[in-house]
$ cat my_file-v6.txt   # compact mmCIF, C-alpha atoms
# COMPACT_ATOMS: atom_id res chain seq x y z
CA MET O 1 2.79 -12.00 10.69
CA ILE O 2 4.20 -12.25 14.23
CA VAL O 3 2.19 -14.03 16.93
CA GLU O 4 2.88 -15.26 20.44
CA GLY O 5 0.62 -18.28 20.18
CA LEU O 6 -1.02 -20.50 17.61
CA ALA O 7 -4.57 -19.28 18.27
CA VAL O 8 -5.28 -16.22 16.13
CA GLY O 9 -8.50 -14.28 15.66
CA THR O 10 -10.03 -14.38 12.20
CA ASP O 11 -10.17 -10.58 12.01
CA GLU O 12 -6.48 -10.23 12.85
CA PHE O 13 -5.62 -12.94 10.35
CA ALA O 14 -7.66 -11.24 7.61
CA ALA O 15 -6.17 -7.83 8.32
CA ARG O 16 -2.63 -9.16 8.00
CA THR O 17 -2.96 -11.73 5.22
CA GLY O 18 -6.07 -10.78 3.26
CA TRP O 19 -7.59 -14.24 3.88
CA GLU O 20 -11.11 -13.85 5.25
CA CYS O 21 -12.98 -16.56 7.13
CA LYS O 22 -16.24 -17.42 5.37
CA PRO O 23 -18.64 -20.38 5.60
CA GLN O 24 -16.86 -22.10 2.70
CA GLY O 25 -13.39 -21.67 4.29
CA LEU O 26 -10.67 -19.05 4.05
CA CYS O 27 -11.15 -16.79 1.05
CA LYS O 28 -9.06 -14.19 -0.74
CA GLY O 29 -10.66 -12.63 -3.80
CA ASP O 30 -12.34 -15.36 -5.80
CA MET O 31 -10.29 -18.13 -4.21
CA CYS O 32 -11.51 -20.17 -1.22
CA VAL O 33 -9.68 -22.92 0.64
CA PRO O 34 -11.82 -25.25 2.79
CA LEU O 35 -10.70 -25.75 6.37
CA PRO O 36 -10.81 -29.06 8.24
CA ASP O 37 -13.18 -29.42 11.18
CA GLY O 38 -11.87 -27.66 14.25
CA ALA O 39 -9.50 -25.34 12.45
CA GLN O 40 -11.75 -22.40 13.27
CA VAL O 41 -13.75 -22.22 16.47
CA ASP O 42 -15.67 -19.16 17.59
CA GLY O 43 -13.66 -16.79 15.44
CA VAL O 44 -10.29 -18.24 16.42
CA LEU O 45 -8.04 -20.02 13.92
CA SER O 46 -5.50 -22.76 14.60
CA LEU O 47 -2.54 -21.18 12.92
CA ASP O 48 -0.57 -24.39 12.35
CA VAL O 49 -3.49 -25.97 10.49
CA VAL O 50 -4.17 -22.84 8.47
CA ALA O 51 -0.49 -22.46 7.58
CA GLU O 52 -0.36 -25.96 6.16
CA ARG O 53 -3.58 -25.48 4.19
CA LEU O 54 -2.45 -22.18 2.67
CA ARG O 55 1.15 -23.32 2.12
CA MET O 56 2.45 -20.62 4.42
CA PRO O 57 5.65 -21.35 6.39
CA LEU O 58 5.39 -21.09 10.15
CA VAL O 59 8.67 -20.39 11.91
CA HIS O 60 9.09 -20.70 15.66
CA ASP O 61 11.60 -19.03 17.98
CA GLU O 62 11.35 -21.19 21.08
CA GLU O 63 13.52 -19.02 23.29
CA HIS O 64 11.42 -15.91 22.74
CA HIS O 65 8.06 -17.65 22.36
CA LEU O 66 7.37 -16.13 18.98
CA TRP O 67 6.04 -17.49 15.71
CA ALA O 68 6.27 -15.85 12.29
CA LEU O 69 3.85 -16.79 9.57
CA GLY O 70 5.24 -16.23 6.10
CA PRO O 71 3.35 -15.51 2.88
CA GLU O 72 1.74 -18.11 0.62
CA SER O 73 4.23 -20.17 -1.35
CA GLY O 74 4.17 -22.05 -4.61
CA GLY O 75 3.03 -19.24 -6.87
CA HIS O 76 4.09 -15.67 -7.40
CA ALA O 77 4.83 -12.94 -4.88
CA LEU O 78 1.62 -11.30 -6.05
CA THR O 79 -1.48 -13.47 -5.81
CA THR O 80 -3.76 -10.58 -6.73
CA ALA O 81 -3.27 -7.21 -8.40
CA VAL O 82 -5.50 -5.52 -5.84
CA VAL O 83 -3.33 -3.60 -3.40
CA PRO O 84 -4.21 -4.28 0.24
CA ASP O 85 -4.81 -1.31 2.48
CA ILE O 86 -1.25 -0.64 3.53
CA THR O 87 -0.78 1.86 6.34
CA LEU O 88 2.69 3.13 7.23
CA PRO O 89 4.00 6.05 9.28
CA ASP O 90 5.31 9.20 7.70
CA ARG O 91 8.45 11.04 8.81
CA SER O 92 6.62 12.39 11.85
CA GLY O 93 5.16 9.05 12.80
CA ASN O 94 1.66 9.85 11.61
CA PRO O 95 -0.09 6.89 9.97
CA PHE O 96 -0.76 7.20 6.25
CA SER O 97 -3.03 4.78 4.38
CA LEU O 98 -2.56 4.15 0.69
CA SER O 99 -6.33 3.81 0.42
CA SER O 100 -6.61 7.54 1.08
CA LEU O 101 -5.30 8.02 -2.46
CA ARG O 102 -8.08 6.05 -4.16
CA GLY O 103 -9.25 7.89 -7.24
CA GLN O 104 -5.69 8.91 -8.11
CA LYS O 105 -2.86 7.14 -9.88
CA VAL O 106 -0.04 6.33 -7.48
CA LEU O 107 3.62 5.65 -8.13
CA LEU O 108 4.80 3.77 -5.05
CA VAL O 109 8.59 3.82 -4.81
CA ALA O 110 10.67 1.79 -2.36
CA TRP O 111 14.10 3.12 -1.41
CA ALA O 112 16.38 2.72 1.61
CA SER O 113 19.25 4.38 3.43
CA TRP O 114 21.45 1.36 2.79
CA MET H 115 19.49 8.35 -2.63
CA SER H 116 17.04 9.14 -5.39
CA LEU H 117 14.45 11.15 -3.46
CA PRO H 118 15.12 14.44 -5.31
CA GLY H 119 14.52 12.70 -8.64
CA TRP H 120 11.15 11.39 -7.52
CA GLN H 121 10.30 14.78 -6.11
CA ALA H 122 11.03 16.43 -9.46
CA LEU H 123 8.88 13.89 -11.27
CA ARG H 124 6.06 14.50 -8.83
CA ALA H 125 6.28 18.26 -9.38
CA GLU H 126 5.80 17.63 -13.09
CA LEU H 127 2.96 15.11 -12.89
CA PHE H 128 0.90 15.92 -9.79
CA PRO H 129 -2.10 15.75 -9.54
CA ARG H 130 -2.32 13.32 -12.48
CA ILE H 131 -0.07 11.03 -10.45
CA GLU H 132 0.81 11.09 -6.77
CA VAL H 133 4.24 9.83 -5.81
CA VAL H 134 4.62 7.93 -2.52
CA THR H 135 8.14 7.10 -1.42
CA VAL H 136 8.72 4.43 1.21
CA ALA H 137 11.99 3.85 3.01
CA LEU H 138 12.62 0.18 3.78
CA ASP H 139 14.60 0.73 6.96
CA VAL H 140 14.22 -1.30 10.14
CA ASP H 141 15.71 1.63 12.02
CA PRO H 142 13.80 4.73 10.85
CA THR H 143 16.53 7.02 12.13
CA PHE H 144 18.72 5.79 9.26
CA ALA H 145 16.15 7.11 6.75
CA HIS H 146 15.16 10.34 8.46
CA PRO H 147 18.21 12.44 7.44
CA PHE H 148 17.58 11.67 3.77
CA ILE H 149 13.91 12.59 4.07
CA ASP H 150 14.73 15.77 5.95
CA ALA H 151 17.27 16.79 3.31
CA ALA H 152 14.85 16.16 0.45
CA ALA H 153 11.86 17.76 2.25
CA PRO H 154 9.44 16.04 -0.12
CA GLU H 155 5.96 17.43 -0.72
CA HIS H 156 4.60 13.97 -1.51
CA PRO H 157 3.85 11.32 1.14
CA SER H 158 7.20 10.03 2.37
CA LEU H 159 6.75 6.96 4.51
CA VAL H 160 9.00 4.62 6.50
CA ASP H 161 8.46 0.86 6.43
CA SER H 162 10.40 -0.37 9.45
CA SER H 163 8.84 -3.84 9.13
CA HIS H 164 9.60 -4.36 5.44
CA LEU H 165 5.90 -4.88 4.92
CA LEU H 166 6.21 -4.00 1.25
CA ASP H 167 8.71 -6.83 0.74
CA GLU H 168 6.21 -9.38 1.94
CA VAL H 169 2.97 -7.92 0.58
CA LEU H 170 4.15 -6.71 -2.81
CA GLY H 171 7.39 -8.61 -3.34
CA PHE H 172 10.04 -5.89 -3.32
CA TRP H 173 13.47 -7.51 -3.17
CA ASN H 174 15.84 -4.60 -3.80
CA VAL H 175 15.78 -0.82 -4.05
CA PRO H 176 14.95 1.35 -5.78
CA MET H 177 11.89 -0.48 -7.05
CA ALA H 178 8.39 0.77 -7.77
CA VAL H 179 4.85 -0.33 -8.53
CA TRP H 180 2.15 1.58 -10.38
CA ILE H 181 -1.31 1.67 -8.79
CA ASP H 182 -4.38 2.86 -10.70
CA GLU H 183 -7.32 4.91 -9.42
CA ASP H 184 -9.10 1.77 -8.19
CA GLY H 185 -6.19 0.57 -6.09
CA VAL H 186 -5.12 -2.08 -8.64
CA LEU H 187 -1.52 -2.67 -9.67
CA VAL H 188 -0.83 -1.99 -13.32
CA ARG H 189 2.88 -2.73 -13.04
CA PRO H 190 4.57 -5.18 -10.64
CA PRO H 191 7.64 -4.45 -8.53
CA GLU H 192 10.49 -3.62 -10.90
CA GLY H 193 13.66 -1.60 -10.90
CA ALA H 194 12.80 2.08 -10.96
CA VAL H 195 15.14 4.94 -11.87
CA VAL H 196 14.10 8.28 -13.37
CA GLU H 197 17.43 10.06 -13.41
CA GLU H 198 20.84 8.98 -14.62
CA SER H 199 23.28 8.21 -11.84
CA ALA H 200 26.65 9.89 -12.06
CA LEU H 201 28.14 6.59 -10.95
CA ARG H 202 27.29 5.03 -14.31
CA THR H 203 29.48 7.38 -16.31
CA MET H 204 32.20 8.02 -13.77
CA ASP H 205 35.77 7.50 -15.00
CA THR H 206 37.08 4.91 -12.55
CA SER H 207 40.38 4.18 -14.29
CA GLY H 208 42.40 5.84 -11.55
CA PHE H 209 40.56 4.20 -8.69
CA PRO H 210 42.13 1.52 -6.46
CA ASP H 211 41.44 -1.99 -7.75
CA GLY H 212 38.74 -2.94 -5.24
CA ILE H 213 36.79 0.27 -5.76
CA ARG H 214 37.09 0.16 -9.53
CA GLU H 215 35.85 -3.43 -9.70
CA MET H 216 32.87 -2.55 -7.56
CA MET H 217 32.06 0.50 -9.69
CA ASP H 218 32.29 -1.61 -12.83
CA GLU H 219 29.52 -3.80 -11.42
CA VAL H 220 27.44 -0.74 -10.52
CA LYS H 221 27.69 0.41 -14.14
CA LYS H 222 26.22 -2.91 -15.29
CA ILE H 223 23.04 -2.54 -13.22
CA PRO H 224 20.24 -2.42 -15.79
CA GLY H 225 17.89 0.51 -16.09
CA ASP H 226 16.94 3.15 -18.63
CA PRO H 227 15.81 6.24 -16.72
CA VAL H 228 14.77 8.12 -19.86
CA ALA H 229 12.54 5.29 -21.09
CA TYR H 230 11.10 4.57 -17.65
CA ARG H 231 10.31 8.23 -17.05
CA ALA H 232 8.65 8.47 -20.46
CA ALA H 233 6.56 5.41 -19.65
CA ILE H 234 5.33 7.00 -16.43
CA VAL H 235 4.41 10.20 -18.26
CA ASP H 236 2.57 8.14 -20.88
CA TRP H 237 0.58 6.41 -18.13
CA ALA H 238 -0.19 9.78 -16.52
CA ASN H 239 -1.60 11.00 -19.83
CA ASN H 240 -3.36 7.88 -21.07
CA GLY H 241 -4.25 5.86 -17.99
CA SER H 242 -5.40 2.33 -18.72
CA ALA H 243 -5.00 2.99 -22.46
CA SER H 244 -1.25 3.40 -21.96
CA ARG H 245 0.65 0.49 -23.47
CA TYR H 246 2.70 0.40 -20.28
CA ALA H 247 -0.34 -0.31 -18.09
CA LEU H 248 -0.61 -4.07 -17.68
CA THR H 249 -3.65 -6.24 -16.96
CA PRO H 250 -3.99 -7.84 -13.51
CA ASP H 251 -3.02 -11.22 -14.94
CA GLU H 252 0.09 -9.76 -16.54
CA VAL H 253 1.03 -8.02 -13.30
CA ILE H 254 0.77 -11.25 -11.32
CA ALA H 255 2.63 -13.27 -13.95
CA ARG H 256 5.48 -10.74 -14.01
CA SER H 257 5.87 -10.69 -10.23
CA GLN H 258 8.63 -12.77 -8.71
CA PRO H 259 8.11 -16.52 -8.17
CA ARG H 260 7.69 -17.38 -4.50
CA PRO H 261 8.73 -20.96 -3.74
CA MET H 262 8.51 -22.25 -0.17
CA ASP H 263 12.13 -21.32 0.58
CA HIS H 264 11.44 -17.69 -0.29
CA ALA H 265 8.25 -17.62 1.77
CA ARG H 266 10.15 -19.16 4.69
CA ALA H 267 12.89 -16.55 4.25
CA ALA H 268 10.23 -13.85 4.58
CA ALA H 269 9.06 -15.39 7.86
CA CYS H 270 12.63 -15.64 9.16
CA PHE H 271 13.37 -12.06 8.20
CA GLU H 272 10.22 -10.86 9.92
CA LEU H 273 11.10 -12.79 13.06
CA GLY H 274 14.51 -11.14 13.07
CA GLN H 275 12.92 -7.72 12.69
CA GLU H 276 10.57 -8.39 15.58
CA LEU H 277 13.47 -9.33 17.83
CA TRP H 278 15.48 -6.31 16.69
CA HIS H 279 12.55 -4.02 17.50
CA ARG H 280 12.27 -5.67 20.93
CA GLY H 281 15.81 -4.56 21.67
CA LEU H 282 17.37 -7.96 20.96
CA PRO H 283 19.63 -7.31 17.96
CA ASP H 284 21.85 -10.31 18.68
CA ALA H 285 18.82 -12.60 18.66
CA ALA H 286 17.88 -11.25 15.23
CA VAL H 287 21.15 -12.33 13.65
CA PRO H 288 20.52 -16.09 13.25
CA TRP H 289 17.09 -15.43 11.74
CA TRP H 290 18.49 -12.92 9.29
CA ARG H 291 21.31 -15.30 8.41
CA GLU H 292 18.72 -17.99 7.72
CA ALA H 293 16.71 -15.58 5.54
CA HIS H 294 19.88 -14.86 3.56
CA ARG H 295 20.53 -18.58 3.11
CA LEU H 296 16.99 -19.33 1.97
CA HIS H 297 16.62 -16.39 -0.41
CA ASN H 298 20.10 -15.27 -1.29
CA GLU H 299 18.97 -13.18 -4.28
CA ASN H 300 16.94 -10.93 -1.99
CA TRP H 301 19.07 -7.82 -1.53
CA THR H 302 16.74 -6.13 0.94
CA TYR H 303 17.27 -8.94 3.45
CA LYS H 304 21.03 -8.85 3.08
CA ARG H 305 21.71 -5.14 2.77
CA GLN H 306 19.33 -4.31 5.62
CA ALA H 307 21.11 -6.72 7.98
CA TRP H 308 24.59 -5.83 6.80
CA THR H 309 24.04 -2.12 7.37
CA PHE H 310 23.78 -2.68 11.12
CA VAL H 311 27.33 -4.07 11.19
CA THR H 312 28.99 -2.12 8.37
CA SER H 313 27.69 1.35 9.27
CA GLN H 314 28.47 3.41 12.33
CA PRO H 315 25.66 4.97 14.39
CA GLY H 316 25.14 8.59 13.48
CA GLN H 317 27.18 8.27 10.30
CA PRO H 318 25.97 7.89 6.71
CA PRO H 319 25.57 4.20 5.79
CA ASP H 320 28.56 2.55 4.17
CA LEU H 321 27.03 1.68 0.80
CA MET H 322 30.01 -0.50 -0.11
CA GLN H 323 28.98 -2.97 2.59
CA PRO H 324 32.31 -4.79 2.86
CA PRO H 325 32.80 -8.26 4.39
CA ASN H 326 31.99 -8.40 8.09
CA ASP H 327 32.31 -10.77 11.01
CA VAL H 328 28.58 -11.37 11.53
CA TYR H 329 27.09 -12.28 8.16
CA GLU H 330 28.40 -14.15 5.16
CA GLY H 331 29.03 -12.21 1.99
CA SER H 332 29.45 -8.59 1.04
CA TRP H 333 27.94 -6.34 -1.60
CA TYR H 334 30.66 -6.84 -4.19
CA ALA H 335 31.26 -10.54 -3.57
CA ASP H 336 27.56 -11.33 -3.71
CA VAL H 337 26.91 -9.25 -6.82
CA VAL H 338 29.64 -11.16 -8.65
CA ARG H 339 28.57 -14.54 -7.27
CA LEU H 340 24.95 -13.97 -8.31
CA GLY H 341 25.77 -13.12 -11.90
CA GLY H 342 27.10 -9.57 -11.87
CA GLY H 343 25.48 -6.15 -11.84
CA GLU H 344 23.23 -7.20 -14.73
CA LYS H 345 21.27 -9.41 -12.32
CA TYR H 346 21.09 -6.90 -9.48
CA VAL H 347 17.56 -5.73 -10.23
CA ASN H 348 14.80 -6.61 -12.67
CA ALA H 349 14.67 -3.77 -15.18
CA PRO H 350 11.18 -2.89 -16.43
CA GLU H 351 10.12 -4.69 -19.59
CA LEU H 352 8.71 -1.68 -21.45
$ encode --input "my_file-v6.txt" --output "structure tokens"
Amino acid sequence: MIVEGLAVGTDEFAARTGWECKPQGLCKGDMCVPLPDGAQVDGVLSLDVVAERLRMPLVHDEEHHLWALGPESGGHALTTAVVPDITLPDRSGNPFSLSSLRGQKVLLVAWASW
Amino acid sequence: MSLPGWQALRAELFPRIEVVTVALDVDPTFAHPFIDAAAPEHPSLVDSSHLLDEVLGFWNVPMAVWIDEDGVLVRPPEGAVVEESALRTMDTSGFPDGIREMMDEVKKIPGDPVAYRAAIVDWANNGSASRYALTPDEVIARSQPRPMDHARAAACFELGQELWHRGLPDAAVPWWREAHRLHNENWTYKRQAWTFVTSQPGQPPDLMQPPNDVYEGSWYADVVRLGGGEKYVNAPEL
């Protein structure tokens, strides 16, 4: 997740990471992680605090004023078997959401030109 | 590229299964000629941000996941081939030394296309009753471990991508080098970065990815250093 500052809206954070802000803290599936006071104010999260709580690395490029928040660490690449709603462009640039295929088995294959 | 193989499988199994192919290419124009040549009827997408690497844990290609009707994974990212590559049976005895040694490593890459294809067909026919369909706990347990170094590598790689997309390819290099250092077994990070210095614009990518002046390593040297072709991808445990 790329950001240009350490204040991030809860909706944006949830859309990118799957962690939703609830009264008990940040939650993904059945798991909730409490947040310290002040980590979330009026729908805005302090990304450095959240990163530490969720064991996500936060990398900073000072010259270009960018931060990258990495995925949760310490477990497996998959923390849930539920596939998030991934939307990617097709060959023509039109967005395609995997969720449009609900109700059907899907074989999702990654390849590359290289 | 294996797009025709996936297309043939889709022709056999649709609508019991839909195939979605995703090119992990920071520069979509590298992937477009292959898609155009294959003219797939299934959704053929381009992931220029390597989102699937981060969200699902892809670390090489070709890899695949199986997703059931409810949007739940029933198999984690794993090496995925459904047709035998001619490279595996090619007689390389007359090849120059460097090429032959590389091809010998290619032949060691694990994968049983006949068994994997049969497993997919079994899943198409039997759904959750298929012995190849795993439980959510099994899927998670079989996915790759993600220690802090690997998570940090993902962040570094993403930062490099962002800079590349902003028209700052030189600024991307140190972040991609750091991603390679932190998660050296991740072939998507390395091969994606290498291709920008080992391939010429407008030309087919140089799949040999020889040593270069920008990044450490090369395809052959890294395959050997990391344990040989046998370790190049995680073959499905069927």
$ atom_distance --input "my_file-v6.txt" --atom1 "atom CA of Leu69 of chain O" --atom2 "atom CA of Met1 of chain O"
5.0 Å
$ closest_atom_pairs --input "my_file-v6.txt" --of "chain H" --to "chain O" --cutoff "6 Å" --atoms "all atoms listed in the file" --output "tab-separated table"
residue	atom	partner	partner_atom	distance
H:Ile131	CA	O:Lys105	CA	4.8
H:Glu132	CA	O:Val106	CA	4.9
H:Val133	CA	O:Leu107	CA	4.8
H:Val134	CA	O:Leu108	CA	4.9
H:Thr135	CA	O:Val109	CA	4.7
H:Val136	CA	O:Ala110	CA	4.8
H:Ala137	CA	O:Ala112	CA	4.7
H:Leu138	CA	O:Ala112	CA	5.0
H:Asp139	CA	O:Ala112	CA	6.0
H:Ala145	CA	O:Ser113	CA	5.3
H:Ser158	CA	O:Asp90	CA	5.7
H:Leu159	CA	O:Asp90	CA	4.2
H:Val160	CA	O:Pro89	CA	5.9
H:Gly171	CA	O:Ala77	CA	5.3
H:Val175	CA	O:Trp111	CA	5.0
H:Pro176	CA	O:Trp111	CA	4.8
H:Met177	CA	O:Ala110	CA	5.4
H:Ala178	CA	O:Val109	CA	4.3
H:Val179	CA	O:Leu108	CA	5.4
H:Trp180	CA	O:Leu107	CA	4.9
H:Ile181	CA	O:Val106	CA	5.0
H:Asp182	CA	O:Lys105	CA	4.6
H:Glu183	CA	O:Gly103	CA	4.2
H:Asp184	CA	O:Arg102	CA	6.0
H:Gly185	CA	O:Val83	CA	5.7
H:Val186	CA	O:Val82	CA	4.5
H:Leu187	CA	O:Ala81	CA	5.0
H:Pro250	CA	O:Ala81	CA	5.2
H:Ile254	CA	O:Leu78	CA	5.3
H:Ser257	CA	O:Ala77	CA	5.9
H:Gln258	CA	O:Ala77	CA	5.4
H:Pro259	CA	O:His76	CA	4.2
H:Arg260	CA	O:His76	CA	4.9
H:Pro261	CA	O:Gly74	CA	4.8
H:Met262	CA	O:Ser73	CA	4.9
H:Ala265	CA	O:Pro71	CA	5.4
H:Arg266	CA	O:Pro57	CA	5.3
H:Ala268	CA	O:Gly70	CA	5.7
H:Ala269	CA	O:Gly70	CA	4.3
H:Leu273	CA	O:Ala68	CA	5.8
H:Pro319	CA	O:Trp114	CA	5.8
H:Leu321	CA	O:Trp114	CA	5.9
$ write_last_selection --input "my_file-v6.txt" --atoms "C-alpha atoms" --output "mmCIF file, in the frame of the given file"
data_model
loop_
_atom_site.group_PDB
_atom_site.id
_atom_site.type_symbol
_atom_site.label_atom_id
_atom_site.label_comp_id
_atom_site.auth_asym_id
_atom_site.auth_seq_id
_atom_site.Cartn_x
_atom_site.Cartn_y
_atom_site.Cartn_z
ATOM 1 C CA ILE H 131 -0.070 11.030 -10.450
ATOM 2 C CA GLU H 132 0.810 11.090 -6.770
ATOM 3 C CA VAL H 133 4.240 9.830 -5.810
ATOM 4 C CA VAL H 134 4.620 7.930 -2.520
ATOM 5 C CA THR H 135 8.140 7.100 -1.420
ATOM 6 C CA VAL H 136 8.720 4.430 1.210
ATOM 7 C CA ALA H 137 11.990 3.850 3.010
ATOM 8 C CA LEU H 138 12.620 0.180 3.780
ATOM 9 C CA ASP H 139 14.600 0.730 6.960
ATOM 10 C CA ALA H 145 16.150 7.110 6.750
ATOM 11 C CA SER H 158 7.200 10.030 2.370
ATOM 12 C CA LEU H 159 6.750 6.960 4.510
ATOM 13 C CA VAL H 160 9.000 4.620 6.500
ATOM 14 C CA GLY H 171 7.390 -8.610 -3.340
ATOM 15 C CA VAL H 175 15.780 -0.820 -4.050
ATOM 16 C CA PRO H 176 14.950 1.350 -5.780
ATOM 17 C CA MET H 177 11.890 -0.480 -7.050
ATOM 18 C CA ALA H 178 8.390 0.770 -7.770
ATOM 19 C CA VAL H 179 4.850 -0.330 -8.530
ATOM 20 C CA TRP H 180 2.150 1.580 -10.380
ATOM 21 C CA ILE H 181 -1.310 1.670 -8.790
ATOM 22 C CA ASP H 182 -4.380 2.860 -10.700
ATOM 23 C CA GLU H 183 -7.320 4.910 -9.420
ATOM 24 C CA ASP H 184 -9.100 1.770 -8.190
ATOM 25 C CA GLY H 185 -6.190 0.570 -6.090
ATOM 26 C CA VAL H 186 -5.120 -2.080 -8.640
ATOM 27 C CA LEU H 187 -1.520 -2.670 -9.670
ATOM 28 C CA PRO H 250 -3.990 -7.840 -13.510
ATOM 29 C CA ILE H 254 0.770 -11.250 -11.320
ATOM 30 C CA SER H 257 5.870 -10.690 -10.230
ATOM 31 C CA GLN H 258 8.630 -12.770 -8.710
ATOM 32 C CA PRO H 259 8.110 -16.520 -8.170
ATOM 33 C CA ARG H 260 7.690 -17.380 -4.500
ATOM 34 C CA PRO H 261 8.730 -20.960 -3.740
ATOM 35 C CA MET H 262 8.510 -22.250 -0.170
ATOM 36 C CA ALA H 265 8.250 -17.620 1.770
ATOM 37 C CA ARG H 266 10.150 -19.160 4.690
ATOM 38 C CA ALA H 268 10.230 -13.850 4.580
ATOM 39 C CA ALA H 269 9.060 -15.390 7.860
ATOM 40 C CA LEU H 273 11.100 -12.790 13.060
ATOM 41 C CA PRO H 319 25.570 4.200 5.790
ATOM 42 C CA LEU H 321 27.030 1.680 0.800
#
$ atom_distance --input "my_file-v6.txt" --atom1 "atom CA of Ala349 of chain H" --atom2 "atom CA of Leu117 of chain H"
19.0 Å
$ closest_residue --input "my_file-v6.txt" --among "H:Glu276, H:Gly343, H:Asn174, H:Asn240" --to "Arg202 of chain H" --atoms "all atoms listed in the file"
H:Gly343
$ closest_residue --input "my_file-v6.txt" --among "O:Glu20, O:Asp11, O:Glu62, O:Asp30" --to "Gly43 of chain O" --atoms "only C-alpha atoms"
O:Asp11
$ atom_distance --input "my_file-v6.txt" --atom1 "atom CA of Asp161 of chain H" --atom2 "atom CA of Ala307 of chain H"
14.8 Å
$ closest_residue --input "my_file-v6.txt" --among "H:Leu340, H:Ala255, H:Val140, H:Val195" --to "Asn300 of chain H" --atoms "only C-alpha atoms"
H:Leu340
$ axis_aligned_box --input "my_file-v6.txt" --around "segment 40-50 of chain O" --padding-each-side "4 Å" --output "AutoDock Vina command-line options"
--center_x -8.1 --center_y -21.4 --center_z 13.0 --size_x 23.1 --size_y 17.2 --size_z 17.1
$ residues_around --input "my_file-v6.txt" --residues "Gln40 of chain O" --least-positions-apart "5" --cutoff "10 Å" --atoms "only C-alpha atoms" --output "PDB file with C-alpha atoms, in the frame of the given file"
ATOM      1  CA  ALA O   7      -4.570 -19.280  18.270  1.00  0.00           C
ATOM      2  CA  VAL O   8      -5.280 -16.220  16.130  1.00  0.00           C
ATOM      3  CA  GLY O   9      -8.500 -14.280  15.660  1.00  0.00           C
ATOM      4  CA  THR O  10     -10.030 -14.380  12.200  1.00  0.00           C
ATOM      5  CA  CYS O  21     -12.980 -16.560   7.130  1.00  0.00           C
ATOM      6  CA  GLY O  25     -13.390 -21.670   4.290  1.00  0.00           C
ATOM      7  CA  LEU O  26     -10.670 -19.050   4.050  1.00  0.00           C
ATOM      8  CA  LEU O  35     -10.700 -25.750   6.370  1.00  0.00           C
ATOM      9  CA  LEU O  45      -8.040 -20.020  13.920  1.00  0.00           C
ATOM     10  CA  SER O  46      -5.500 -22.760  14.600  1.00  0.00           C
ATOM     11  CA  LEU O  47      -2.540 -21.180  12.920  1.00  0.00           C
ATOM     12  CA  VAL O  49      -3.490 -25.970  10.490  1.00  0.00           C
ATOM     13  CA  VAL O  50      -4.170 -22.840   8.470  1.00  0.00           C
TER      14      VAL O  50
END
$ closest_residue --input "my_file-v6.txt" --among "H:Val287, H:Ala238, H:Val347, H:Val328" --to "Pro191 of chain H" --atoms "all atoms listed in the file"
H:Val347
$ closest_residue --input "my_file-v6.txt" --among "H:Pro142, H:Pro190, H:Gly316, H:Pro154" --to "Thr249 of chain H" --atoms "only C-alpha atoms"
H:Pro190
$ residues_around --input "my_file-v6.txt" --residues "Trp19 of chain O" --least-positions-apart "4" --cutoff "9 Å" --atoms "only C-alpha atoms" --output "list of chain:residue names"
O:Thr10, O:Phe13, O:Ala14, O:Ala15, O:Leu26, O:Cys27, O:Lys28, O:Gly29, O:Cys32
